[in-house]
>>> print(open('model09.csv').read())   # CSV, C-alpha atoms
chain,number,residue,atom,x,y,z
A,1,MET,CA,165.5,-56.8,65.1
A,2,ASN,CA,164.6,-53.2,64.2
A,3,ALA,CA,166.3,-53.2,60.8
A,4,THR,CA,166.9,-49.8,59.2
A,5,ASP,CA,168.0,-48.7,55.8
A,6,ILE,CA,168.8,-45.4,54.2
A,7,CYS,CA,167.7,-44.8,50.6
A,8,ILE,CA,168.6,-41.9,48.5
A,9,PRO,CA,166.4,-42.0,45.4
A,10,ASP,CA,167.5,-40.1,42.4
A,11,MET,CA,166.0,-36.6,42.1
A,12,THR,CA,164.5,-37.6,38.8
A,13,ILE,CA,162.5,-40.6,39.9
A,14,ASP,CA,158.7,-40.3,40.4
A,15,THR,CA,156.4,-41.0,43.2
A,16,GLU,CA,155.6,-44.5,41.9
A,17,ALA,CA,159.3,-45.5,42.0
A,18,ILE,CA,159.5,-44.2,45.6
A,19,THR,CA,156.4,-46.2,46.5
A,20,LYS,CA,158.2,-49.3,45.1
A,21,ILE,CA,161.2,-48.6,47.3
A,22,ILE,CA,158.9,-48.4,50.4
A,23,LYS,CA,157.1,-51.6,49.4
A,24,THR,CA,160.4,-53.4,48.8
A,25,ALA,CA,161.6,-52.3,52.3
A,26,GLN,CA,158.4,-53.7,53.8
A,27,ARG,CA,158.8,-57.0,51.8
A,28,LEU,CA,162.5,-57.3,53.0
A,29,LYS,CA,161.2,-56.9,56.6
A,30,PHE,CA,162.7,-53.5,57.4
A,31,ARG,CA,161.0,-51.7,60.3
A,32,THR,CA,162.5,-48.2,59.6
A,33,LEU,CA,163.4,-46.5,56.4
A,34,VAL,CA,165.2,-43.2,56.0
A,35,LEU,CA,164.2,-41.6,52.7
A,36,VAL,CA,166.2,-38.7,51.4
A,37,THR,CA,163.9,-37.2,48.8
A,38,GLU,CA,162.0,-34.0,48.1
A,39,ASN,CA,159.3,-35.9,46.2
A,40,PRO,CA,156.0,-36.7,47.9
A,41,PHE,CA,155.3,-40.3,48.9
A,42,GLU,CA,152.6,-42.4,50.6
A,43,THR,CA,153.4,-43.4,54.2
A,44,SER,CA,150.7,-46.1,54.9
A,45,PHE,CA,152.8,-49.2,54.5
A,46,GLY,CA,153.3,-50.3,58.1
A,47,LEU,CA,156.9,-49.2,58.5
A,48,THR,CA,158.4,-46.1,60.0
A,49,ILE,CA,159.6,-43.7,57.4
A,50,ILE,CA,161.9,-40.9,58.4
A,51,LYS,CA,162.5,-38.1,56.0
A,52,GLY,CA,166.1,-37.1,55.6
A,53,ILE,CA,168.0,-34.3,53.9
A,54,LEU,CA,171.5,-34.7,52.5
A,55,VAL,CA,173.8,-31.7,52.9
A,56,LYS,CA,176.6,-31.8,50.3
A,57,SER,CA,179.0,-28.9,50.1
A,58,GLU,CA,182.8,-28.5,50.1
A,59,SER,CA,182.6,-25.2,51.9
A,60,ILE,CA,182.0,-25.2,55.6
A,61,ALA,CA,180.0,-21.9,55.6
A,62,LYS,CA,177.6,-23.2,52.9
A,63,ALA,CA,177.2,-26.5,54.7
A,64,GLU,CA,176.5,-24.8,58.0
A,65,SER,CA,173.9,-22.5,56.5
A,66,MET,CA,172.2,-25.5,54.8
A,67,ILE,CA,172.1,-27.3,58.1
A,68,GLU,CA,170.6,-24.3,59.8
A,69,ARG,CA,167.9,-24.2,57.2
A,70,SER,CA,167.3,-27.9,57.4
A,71,LYS,CA,166.9,-27.9,61.2
A,72,ARG,CA,163.6,-26.1,60.8
A,73,GLN,CA,162.2,-28.8,58.6
A,74,ASP,CA,162.2,-31.5,61.2
A,75,LYS,CA,164.2,-34.0,59.1
A,76,LEU,CA,167.1,-36.3,59.8
A,77,ILE,CA,170.2,-34.3,58.7
A,78,LEU,CA,172.9,-36.3,56.8
A,79,VAL,CA,176.1,-34.5,55.9
A,80,HIS,CA,178.3,-35.7,53.1
A,81,ALA,CA,181.8,-36.3,54.5
A,82,GLY,CA,184.7,-34.5,52.9
A,83,GLU,CA,188.3,-33.7,53.8
A,84,ASN,CA,189.6,-34.2,57.3
A,85,SER,CA,189.3,-30.5,58.2
A,86,PHE,CA,185.8,-30.3,56.9
A,87,ASN,CA,184.7,-33.4,58.8
A,88,ARG,CA,186.2,-32.0,62.0
A,89,SER,CA,184.5,-28.6,61.7
A,90,ILE,CA,181.2,-30.0,60.7
A,91,SER,CA,181.2,-32.6,63.4
A,92,SER,CA,181.4,-29.9,66.1
A,93,PHE,CA,178.5,-28.0,64.5
A,94,PRO,CA,175.2,-28.7,66.2
A,95,GLY,CA,172.2,-30.4,64.5
A,96,ILE,CA,173.9,-33.1,62.4
A,97,ASP,CA,172.6,-36.6,62.7
A,98,ILE,CA,174.6,-38.7,60.3
A,99,LEU,CA,178.0,-38.3,58.7
A,100,TYR,CA,177.4,-39.9,55.3
A,101,GLY,CA,179.5,-41.2,52.4
A,102,ILE,CA,182.8,-41.7,54.2
A,103,HIS,CA,183.9,-44.2,51.5
A,104,ARG,CA,183.9,-41.4,48.9
A,105,ALA,CA,185.9,-39.0,51.2
A,106,PRO,CA,189.6,-38.5,50.5
A,107,LYS,CA,192.3,-40.6,52.2
A,108,ASN,CA,192.9,-39.6,55.8
A,109,SER,CA,189.5,-38.0,56.1
A,110,PHE,CA,188.7,-39.8,59.3
A,111,ASP,CA,190.9,-40.0,62.4
A,112,GLU,CA,190.7,-40.3,66.2
A,113,VAL,CA,189.9,-36.6,66.7
A,114,ILE,CA,186.7,-37.0,64.5
A,115,ALA,CA,186.0,-40.3,66.2
A,116,ARG,CA,186.1,-38.7,69.6
A,117,LEU,CA,184.0,-35.7,68.4
A,118,ILE,CA,181.2,-37.8,66.9
A,119,ALA,CA,181.2,-40.1,69.9
A,120,LYS,CA,180.8,-37.1,72.2
A,121,LYS,CA,178.0,-35.6,70.1
A,122,GLY,CA,176.3,-38.9,69.3
A,123,ILE,CA,176.6,-38.4,65.5
A,124,ILE,CA,176.1,-41.6,63.5
A,125,LEU,CA,178.8,-42.6,61.0
A,126,ASP,CA,177.1,-44.3,58.1
A,127,LEU,CA,178.9,-47.1,56.3
A,128,SER,CA,177.3,-47.6,52.9
A,129,LEU,CA,177.2,-51.0,51.4
A,130,PHE,CA,176.9,-49.4,47.9
A,131,PRO,CA,180.6,-49.6,47.0
A,132,ILE,CA,180.7,-53.3,48.1
A,133,ILE,CA,177.6,-54.2,46.2
A,134,HIS,CA,178.2,-52.2,43.0
A,135,GLY,CA,181.9,-51.5,43.2
A,136,GLU,CA,184.7,-53.2,41.3
A,137,GLU,CA,188.3,-53.9,42.3
A,138,HIS,CA,189.9,-50.8,43.8
A,139,ALA,CA,186.7,-49.1,44.8
A,140,ARG,CA,185.4,-52.1,46.7
A,141,GLN,CA,188.9,-52.9,48.2
A,142,ASN,CA,189.3,-49.3,49.4
A,143,ALA,CA,185.8,-49.3,51.0
A,144,LEU,CA,186.4,-52.6,52.8
A,145,LYS,CA,189.8,-51.4,54.0
A,146,ARG,CA,188.4,-48.1,55.2
A,147,TYR,CA,185.5,-49.7,57.0
A,148,ARG,CA,187.9,-52.1,58.8
A,149,GLU,CA,189.9,-49.1,60.0
A,150,ILE,CA,186.7,-47.3,61.1
A,151,LEU,CA,185.6,-50.4,63.1
A,152,LYS,CA,188.9,-50.3,65.0
A,153,PHE,CA,188.1,-46.7,66.0
A,154,GLN,CA,184.5,-47.6,66.7
A,155,ARG,CA,185.5,-50.3,69.1
A,156,ILE,CA,187.7,-47.8,71.1
A,157,PHE,CA,185.6,-44.6,71.0
A,158,ARG,CA,182.1,-46.3,70.8
A,159,PHE,CA,180.5,-43.8,68.4
A,160,PRO,CA,177.3,-45.0,66.8
A,161,ILE,CA,177.5,-46.4,63.3
A,162,SER,CA,174.7,-47.3,60.8
A,163,ILE,CA,174.8,-49.5,57.7
A,164,SER,CA,172.8,-48.7,54.6
A,165,THR,CA,172.5,-49.7,51.0
A,166,SER,CA,172.1,-46.0,49.8
A,167,ALA,CA,169.7,-47.4,47.3
A,168,GLU,CA,168.6,-45.2,44.4
A,169,ILE,CA,166.0,-47.7,43.1
A,170,SER,CA,164.3,-50.7,44.6
A,171,ILE,CA,166.6,-53.3,43.0
A,172,ASP,CA,169.6,-51.8,44.8
A,173,MET,CA,168.0,-52.7,48.2
A,174,ARG,CA,169.1,-55.7,50.2
A,175,SER,CA,167.6,-57.7,53.1
A,176,PRO,CA,168.9,-57.6,56.7
A,177,ARG,CA,170.4,-61.1,56.2
A,178,GLU,CA,172.4,-59.8,53.2
A,179,PHE,CA,173.4,-56.8,55.4
A,180,SER,CA,174.8,-59.3,57.9
A,181,ALA,CA,176.7,-61.2,55.2
A,182,LEU,CA,178.1,-58.1,53.5
A,183,ALA,CA,179.1,-56.5,56.9
A,184,SER,CA,180.9,-59.7,57.9
A,185,LEU,CA,183.3,-59.0,55.0
A,186,PHE,CA,184.7,-56.1,56.9
A,187,GLY,CA,184.5,-57.7,60.3
A,188,LEU,CA,181.2,-56.5,61.8
A,189,ALA,CA,179.9,-59.1,64.2
A,190,GLU,CA,176.2,-60.1,64.5
A,191,ASN,CA,175.6,-58.3,67.8
A,192,GLU,CA,177.3,-55.2,66.5
A,193,LEU,CA,175.0,-55.3,63.5
A,194,GLU,CA,171.9,-55.2,65.8
A,195,GLU,CA,173.4,-52.1,67.4
A,196,THR,CA,173.9,-50.4,64.0
A,197,PHE,CA,170.3,-51.1,63.1
A,198,SER,CA,169.0,-49.4,66.2
A,199,ALA,CA,171.4,-46.4,66.0
A,200,ILE,CA,169.1,-44.2,63.9
A,201,LYS,CA,166.1,-44.9,66.2
A,202,ARG,CA,168.1,-44.1,69.2
A,203,ARG,CA,169.3,-40.9,67.6
A,204,MET,CA,165.6,-39.9,66.9
A,205,GLU,CA,164.6,-40.6,70.5
A,206,ARG,CA,167.4,-38.5,71.9
A,207,PRO,CA,166.0,-35.5,73.7
A,208,GLU,CA,166.8,-32.1,72.2
A,209,PRO,CA,169.7,-30.4,73.9
A,210,VAL,CA,168.8,-27.5,76.2
A,211,ARG,CA,169.1,-24.2,74.4
A,212,LEU,CA,170.0,-21.0,76.3
A,213,ILE,CA,167.9,-18.1,75.1
A,214,ILE,CA,169.4,-14.8,76.2
B,1,MET,CA,188.1,-89.4,39.8
B,2,LYS,CA,186.0,-92.1,41.4
B,3,PRO,CA,182.9,-90.8,43.2
B,4,LEU,CA,183.4,-90.5,47.0
B,5,PRO,CA,181.5,-92.8,49.3
B,6,PRO,CA,178.4,-91.1,50.9
B,7,THR,CA,180.1,-90.7,54.3
B,8,LEU,CA,183.0,-88.8,52.8
B,9,ARG,CA,180.9,-86.5,50.6
B,10,GLU,CA,180.5,-82.9,51.5
B,11,ASN,CA,177.3,-81.6,53.1
B,12,TYR,CA,175.4,-78.9,51.3
B,13,ARG,CA,173.0,-76.2,52.1
B,14,TYR,CA,170.4,-75.0,49.7
B,15,ILE,CA,169.1,-71.4,49.5
B,16,LEU,CA,165.9,-70.4,47.8
B,17,TYR,CA,166.0,-67.1,46.0
B,18,GLU,CA,163.5,-64.9,44.3
B,19,ILE,CA,164.6,-63.1,41.2
B,20,ASP,CA,163.7,-59.4,41.2
B,21,PRO,CA,162.2,-58.1,38.9
B,22,PRO,CA,160.0,-61.2,38.4
B,23,ASP,CA,159.7,-60.8,34.6
B,24,THR,CA,163.5,-61.3,34.1
B,25,SER,CA,164.0,-63.5,31.2
B,26,LEU,CA,167.5,-64.6,32.0
B,27,GLU,CA,168.4,-68.2,31.4
B,28,LYS,CA,169.8,-70.5,34.2
B,29,LYS,CA,173.3,-70.5,32.7
B,30,TYR,CA,173.5,-66.7,32.5
B,31,ILE,CA,172.4,-66.3,36.1
B,32,TYR,CA,175.1,-68.8,37.1
B,33,GLN,CA,177.7,-66.9,35.0
B,34,THR,CA,176.8,-63.7,36.7
B,35,ILE,CA,177.1,-65.2,40.1
B,36,ALA,CA,180.4,-66.8,39.3
B,37,GLU,CA,181.8,-63.5,37.9
B,38,ARG,CA,180.7,-61.5,40.9
B,39,GLY,CA,181.9,-64.2,43.3
B,40,ARG,CA,185.3,-64.4,41.8
B,41,SER,CA,185.6,-60.7,41.9
B,42,LEU,CA,184.6,-60.6,45.6
B,43,ILE,CA,186.4,-63.5,47.1
B,44,GLY,CA,188.8,-64.8,44.4
B,45,ASP,CA,189.0,-68.2,42.8
B,46,ASN,CA,190.1,-70.0,45.9
B,47,GLY,CA,187.3,-68.6,48.0
B,48,PHE,CA,184.8,-69.3,45.3
B,49,SER,CA,185.9,-72.9,45.1
B,50,LEU,CA,185.4,-73.2,48.9
B,51,VAL,CA,181.9,-71.9,48.6
B,52,ASN,CA,181.3,-74.1,45.6
B,53,PRO,CA,178.0,-72.6,44.6
B,54,SER,CA,175.8,-74.3,42.0
B,55,LEU,CA,172.5,-73.2,40.5
B,56,ILE,CA,170.3,-76.3,40.9
B,57,ILE,CA,166.8,-75.2,39.8
B,58,LYS,CA,165.5,-72.1,38.1
B,59,GLN,CA,161.7,-72.0,37.7
B,60,ASP,CA,159.8,-68.8,36.9
B,61,LYS,CA,161.0,-66.1,39.3
B,62,TYR,CA,162.6,-68.6,41.8
B,63,CYS,CA,165.9,-70.4,41.9
B,64,ILE,CA,167.7,-72.7,44.3
B,65,ILE,CA,171.5,-72.3,44.8
B,66,ARG,CA,173.6,-74.9,46.6
B,67,CYS,CA,176.7,-74.2,48.5
B,68,ARG,CA,179.0,-76.0,51.0
B,69,ARG,CA,177.6,-76.2,54.5
B,70,GLY,CA,179.1,-73.4,56.6
B,71,GLU,CA,179.5,-71.1,53.6
B,72,GLU,CA,175.9,-69.9,53.4
B,73,LYS,CA,176.9,-66.4,54.6
B,74,MET,CA,179.5,-66.1,51.9
B,75,LEU,CA,177.1,-67.2,49.3
B,76,LEU,CA,174.6,-64.6,50.5
B,77,ALA,CA,177.4,-62.0,50.3
B,78,ILE,CA,178.2,-63.1,46.7
B,79,THR,CA,174.6,-63.1,45.6
B,80,ALA,CA,174.0,-59.7,47.2
B,81,THR,CA,176.6,-58.2,44.8
B,82,VAL,CA,174.7,-59.4,41.8
B,83,THR,CA,173.2,-56.2,40.4
B,84,SER,CA,172.9,-57.0,36.7
B,85,GLY,CA,173.0,-59.9,34.3
B,86,PHE,CA,173.7,-59.5,30.7
B,87,GLY,CA,172.4,-55.9,30.6
B,88,GLN,CA,169.4,-56.4,32.8
B,89,GLY,CA,169.2,-55.0,36.3
B,90,ILE,CA,168.5,-57.9,38.6
B,91,ALA,CA,168.6,-58.7,42.3
B,92,LEU,CA,168.5,-62.2,44.0
B,93,ARG,CA,166.4,-62.0,47.1
B,94,PRO,CA,167.1,-64.9,49.6
B,95,LEU,CA,163.9,-66.4,50.9
B,96,ALA,CA,164.9,-69.5,52.8
B,97,THR,CA,167.8,-71.8,53.6
B,98,SER,CA,167.6,-75.6,54.1
B,99,GLY,CA,169.8,-78.6,54.5
B,100,THR,CA,167.8,-80.7,52.1
B,101,MET,CA,166.4,-80.2,48.6
B,102,LYS,CA,163.1,-81.8,49.6
B,103,SER,CA,162.1,-79.3,52.3
B,104,LEU,CA,163.1,-76.4,50.1
B,105,LYS,CA,161.3,-77.8,47.1
B,106,ASP,CA,158.2,-78.2,49.3
B,107,ARG,CA,158.4,-74.6,50.3
B,108,PHE,CA,159.1,-73.6,46.7
B,109,MET,CA,156.0,-75.5,45.5
B,110,LYS,CA,153.9,-74.0,48.3
B,111,ARG,CA,155.0,-70.5,47.3
B,112,ASN,CA,154.4,-71.2,43.6
B,113,GLY,CA,151.0,-72.7,44.3
B,114,ARG,CA,150.0,-69.8,46.5
B,115,ASN,CA,151.1,-67.3,43.8
B,116,GLN,CA,149.3,-69.0,41.0
>>> encode(input="model09.csv", output="structure tokens")
Amino acid sequence: MNATDICIPDMTIDTEAITKIIKTAQRLKFRTLVLVTENPFETSFGLTIIKGILVKSESIAKAESMIERSKRQDKLILVHAGENSFNRSISSFPGIDILYGIHRAPKNSFDEVIARLIAKKGIILDLSLFPIIHGEEHARQNALKRYREILKFQRIFRFPISISTSAEISIDMRSPREFSALASLFGLAENELEETFSAIKRRMERPEPVRLII
Amino acid sequence: MKPLPPTLRENYRYILYEIDPPDTSLEKKYIYQTIAERGRSLIGDNGFSLVNPSLIIKQDKYCIIRCRRGEEKMLLAITATVTSGFGQGIALRPLATSGTMKSLKDRFMKRNGRNQ
């Protein structure tokens, strides 16, 4: 199983803490780790580390210019989900790899139009386990409810999904076995989990679209 | 209530956990209290009683938690939601699952022996 996790370390943490995250990922038997950080880190730990960048903006124009800039850096581009209109517009913009943080987006922020769009473009929808692990009462209930609804869309439109801990520090990370246990709470089957683990790798291996230069 | 005869008793599964960070000084009863609190919050009293977890051993950075057979996944989900115990940030990392205490204890001893 090519287990993959996405970690978003706090901007303030140092290189040592990032190394600890990488070592924990290796100990928990992850094969691939997406690290969203600007800080430098060592990469010689025997697992594939993919650098990511998180685009967070409420304005479409700002988000698009940030994506344009990020495209040149050869990083995995994650865009923080927002309102429905934002998600629709941003999903049709080229260059996005992952739609992230859907649990924090407002109600009705995801529908069949977005599901169709991301399925067509191969954009991954990330389901973070963070609200399930750390959340209490309503936050956790809402996340579970939303993920169940998203899974219904996913089974119809077949868009790729990924599951992550969104860990800020090494203690927040969980093993693939725990991923399976937590994902079963919102109805993700074992075979579907394997697909979610390989979604990022498949996205990275996807050939670049042909560009017309006039 | 009179103890059940062996054939009517429930079967259990035992999960070996490593406590992260290893220098956590939490006592056994506090770890159980944290698990119980998080478990009740996640699956409610009825679900928790079905899983029936019990902290059997805590030695250094390892502990063994017992649950009803067939409920291992739910126990893993509960323990995955343990993020702190009495002010300390902790994580319980599952290492191995077994149907008998003996085999798990052997593994536990092997690991302890190797680390010392």
>>> interface_residues(input="model09.csv", of="chain A", to="chain B", cutoff="9 Å", atoms="only C-alpha atoms", output="number ranges by chain")
A: 28, 132-137, 140, 171-175, 177-185
>>> atom_distance(input="model09.csv", atom1="atom CA of Thr100 of chain B", atom2="atom CA of Ala36 of chain B")
22.7 Å
>>> residues_around(input="model09.csv", residues="Lys61 of chain B", least_positions_apart="3", cutoff="7 Å", atoms="only C-alpha atoms", output="PyMOL selection string")
chain B and resi 18-19+22
>>> atom_distance(input="model09.csv", atom1="atom CA of Arg66 of chain B", atom2="atom CA of Glu190 of chain A")
23.4 Å
>>> atom_distance(input="model09.csv", atom1="atom CA of Ile163 of chain A", atom2="atom CA of His103 of chain A")
12.2 Å
>>> closest_residue(input="model09.csv", among="A:Glu42, A:Lys29, A:Gly52, A:Tyr100", to="Ala17 of chain A", atoms="only C-alpha atoms")
A:Glu42
>>> residues_near_point(input="model09.csv", point="(173.6, -54.2, 63.2)", cutoff="10 Å", atoms="only C-alpha atoms", output="list in words")
Met1, Asn2, Ala3, Thr4, Ile161, Ser162, Ile163, Pro176, Phe179, Ser180, Ala183, Leu188, Ala189, Glu190, Asn191, Glu192, Leu193, Glu194, Glu195, Thr196, Phe197, Ser198 and Ala199 of chain A
>>> closest_residue(input="model09.csv", among="A:Gly187, A:Thr19, A:Glu168, A:Arg202", to="Arg148 of chain A", atoms="all atoms listed in the file")
A:Gly187
>>> closest_residue(input="model09.csv", among="B:Ser54, B:Asn11, B:Gln88, B:Asn46", to="Ser25 of chain B", atoms="only C-alpha atoms")
B:Gln88
>>> residues_around(input="model09.csv", residues="Pro9 of chain A", least_positions_apart="2", cutoff="7 Å", atoms="all atoms listed in the file", output="ChimeraX atom specification")
/A:7,11,13,36-37,167-169
>>> decode(input="model09.csv", residues="segment 87-106 of chain B", atoms="N, CA, C and O atoms", output="PDB file, in the first residue's frame")
ATOM      1  N   GLY B  87      -3.342  17.708  29.995  1.00  0.00           N
ATOM      2  CA  GLY B  87      -2.457  18.825  29.656  1.00  0.00           C
ATOM      3  C   GLY B  87      -1.238  18.461  28.830  1.00  0.00           C
ATOM      4  O   GLY B  87      -0.540  19.340  28.339  1.00  0.00           O
ATOM      5  N   GLN B  88      -0.968  17.165  28.675  1.00  0.00           N
ATOM      6  CA  GLN B  88       0.207  16.774  27.878  1.00  0.00           C
ATOM      7  C   GLN B  88      -0.256  16.300  26.507  1.00  0.00           C
ATOM      8  O   GLN B  88      -1.230  15.569  26.415  1.00  0.00           O
ATOM      9  N   GLY B  89       0.465  16.695  25.479  1.00  0.00           N
ATOM     10  CA  GLY B  89       0.149  16.219  24.131  1.00  0.00           C
ATOM     11  C   GLY B  89       0.649  14.797  23.979  1.00  0.00           C
ATOM     12  O   GLY B  89       1.829  14.537  24.159  1.00  0.00           O
ATOM     13  N   ILE B  90      -0.248  13.854  23.712  1.00  0.00           N
ATOM     14  CA  ILE B  90       0.177  12.451  23.522  1.00  0.00           C
ATOM     15  C   ILE B  90      -0.500  11.844  22.290  1.00  0.00           C
ATOM     16  O   ILE B  90      -1.518  12.341  21.820  1.00  0.00           O
ATOM     17  N   ALA B  91       0.097  10.774  21.817  1.00  0.00           N
ATOM     18  CA  ALA B  91      -0.516   9.989  20.743  1.00  0.00           C
ATOM     19  C   ALA B  91      -0.286   8.523  21.075  1.00  0.00           C
ATOM     20  O   ALA B  91       0.782   8.156  21.573  1.00  0.00           O
ATOM     21  N   LEU B  92      -1.296   7.700  20.831  1.00  0.00           N
ATOM     22  CA  LEU B  92      -1.152   6.256  21.048  1.00  0.00           C
ATOM     23  C   LEU B  92      -0.949   5.601  19.694  1.00  0.00           C
ATOM     24  O   LEU B  92      -1.842   5.645  18.844  1.00  0.00           O
ATOM     25  N   ARG B  93       0.216   5.024  19.468  1.00  0.00           N
ATOM     26  CA  ARG B  93       0.546   4.445  18.167  1.00  0.00           C
ATOM     27  C   ARG B  93       0.360   2.929  18.213  1.00  0.00           C
ATOM     28  O   ARG B  93       1.098   2.237  18.924  1.00  0.00           O
ATOM     29  N   PRO B  94      -0.634   2.385  17.483  1.00  0.00           N
ATOM     30  CA  PRO B  94      -0.838   0.933  17.510  1.00  0.00           C
ATOM     31  C   PRO B  94       0.316   0.194  16.836  1.00  0.00           C
ATOM     32  O   PRO B  94       0.765   0.593  15.757  1.00  0.00           O
ATOM     33  N   LEU B  95       0.812  -0.847  17.486  1.00  0.00           N
ATOM     34  CA  LEU B  95       1.948  -1.591  16.939  1.00  0.00           C
ATOM     35  C   LEU B  95       1.538  -2.975  16.476  1.00  0.00           C
ATOM     36  O   LEU B  95       1.966  -3.439  15.430  1.00  0.00           O
ATOM     37  N   ALA B  96       0.741  -3.671  17.298  1.00  0.00           N
ATOM     38  CA  ALA B  96       0.371  -5.039  16.940  1.00  0.00           C
ATOM     39  C   ALA B  96      -0.960  -5.412  17.586  1.00  0.00           C
ATOM     40  O   ALA B  96      -1.316  -4.877  18.641  1.00  0.00           O
ATOM     41  N   THR B  97      -1.660  -6.337  16.946  1.00  0.00           N
ATOM     42  CA  THR B  97      -2.932  -6.842  17.483  1.00  0.00           C
ATOM     43  C   THR B  97      -2.814  -8.352  17.637  1.00  0.00           C
ATOM     44  O   THR B  97      -2.202  -9.019  16.798  1.00  0.00           O
ATOM     45  N   SER B  98      -3.380  -8.882  18.717  1.00  0.00           N
ATOM     46  CA  SER B  98      -3.318 -10.318  18.921  1.00  0.00           C
ATOM     47  C   SER B  98      -4.555 -10.813  19.667  1.00  0.00           C
ATOM     48  O   SER B  98      -5.242 -10.033  20.322  1.00  0.00           O
ATOM     49  N   GLY B  99      -4.784 -12.105  19.550  1.00  0.00           N
ATOM     50  CA  GLY B  99      -5.937 -12.709  20.216  1.00  0.00           C
ATOM     51  C   GLY B  99      -5.615 -13.202  21.615  1.00  0.00           C
ATOM     52  O   GLY B  99      -6.514 -13.513  22.392  1.00  0.00           O
ATOM     53  N   THR B 100      -4.329 -13.288  21.924  1.00  0.00           N
ATOM     54  CA  THR B 100      -3.953 -13.735  23.264  1.00  0.00           C
ATOM     55  C   THR B 100      -2.963 -12.762  23.894  1.00  0.00           C
ATOM     56  O   THR B 100      -2.165 -12.140  23.195  1.00  0.00           O
ATOM     57  N   MET B 101      -3.053 -12.703  25.203  1.00  0.00           N
ATOM     58  CA  MET B 101      -2.146 -11.821  25.946  1.00  0.00           C
ATOM     59  C   MET B 101      -0.717 -12.324  25.829  1.00  0.00           C
ATOM     60  O   MET B 101       0.227 -11.562  25.777  1.00  0.00           O
ATOM     61  N   LYS B 102      -0.600 -13.676  25.782  1.00  0.00           N
ATOM     62  CA  LYS B 102       0.739 -14.281  25.824  1.00  0.00           C
ATOM     63  C   LYS B 102       1.584 -13.835  24.626  1.00  0.00           C
ATOM     64  O   LYS B 102       2.703 -13.338  24.802  1.00  0.00           O
ATOM     65  N   SER B 103       1.016 -13.987  23.419  1.00  0.00           N
ATOM     66  CA  SER B 103       1.802 -13.645  22.229  1.00  0.00           C
ATOM     67  C   SER B 103       2.133 -12.153  22.188  1.00  0.00           C
ATOM     68  O   SER B 103       3.221 -11.772  21.779  1.00  0.00           O
ATOM     69  N   LEU B 104       1.176 -11.360  22.645  1.00  0.00           N
ATOM     70  CA  LEU B 104       1.433  -9.917  22.649  1.00  0.00           C
ATOM     71  C   LEU B 104       2.498  -9.549  23.685  1.00  0.00           C
ATOM     72  O   LEU B 104       3.361  -8.711  23.433  1.00  0.00           O
ATOM     73  N   LYS B 105       2.426 -10.217  24.838  1.00  0.00           N
ATOM     74  CA  LYS B 105       3.423  -9.966  25.891  1.00  0.00           C
ATOM     75  C   LYS B 105       4.811 -10.361  25.400  1.00  0.00           C
ATOM     76  O   LYS B 105       5.789  -9.678  25.674  1.00  0.00           O
ATOM     77  N   ASP B 106       4.866 -11.505  24.664  1.00  0.00           N
ATOM     78  CA  ASP B 106       6.155 -11.943  24.115  1.00  0.00           C
ATOM     79  C   ASP B 106       6.740 -10.872  23.202  1.00  0.00           C
ATOM     80  O   ASP B 106       7.904 -10.520  23.293  1.00  0.00           O
TER      81      ASP B 106
END
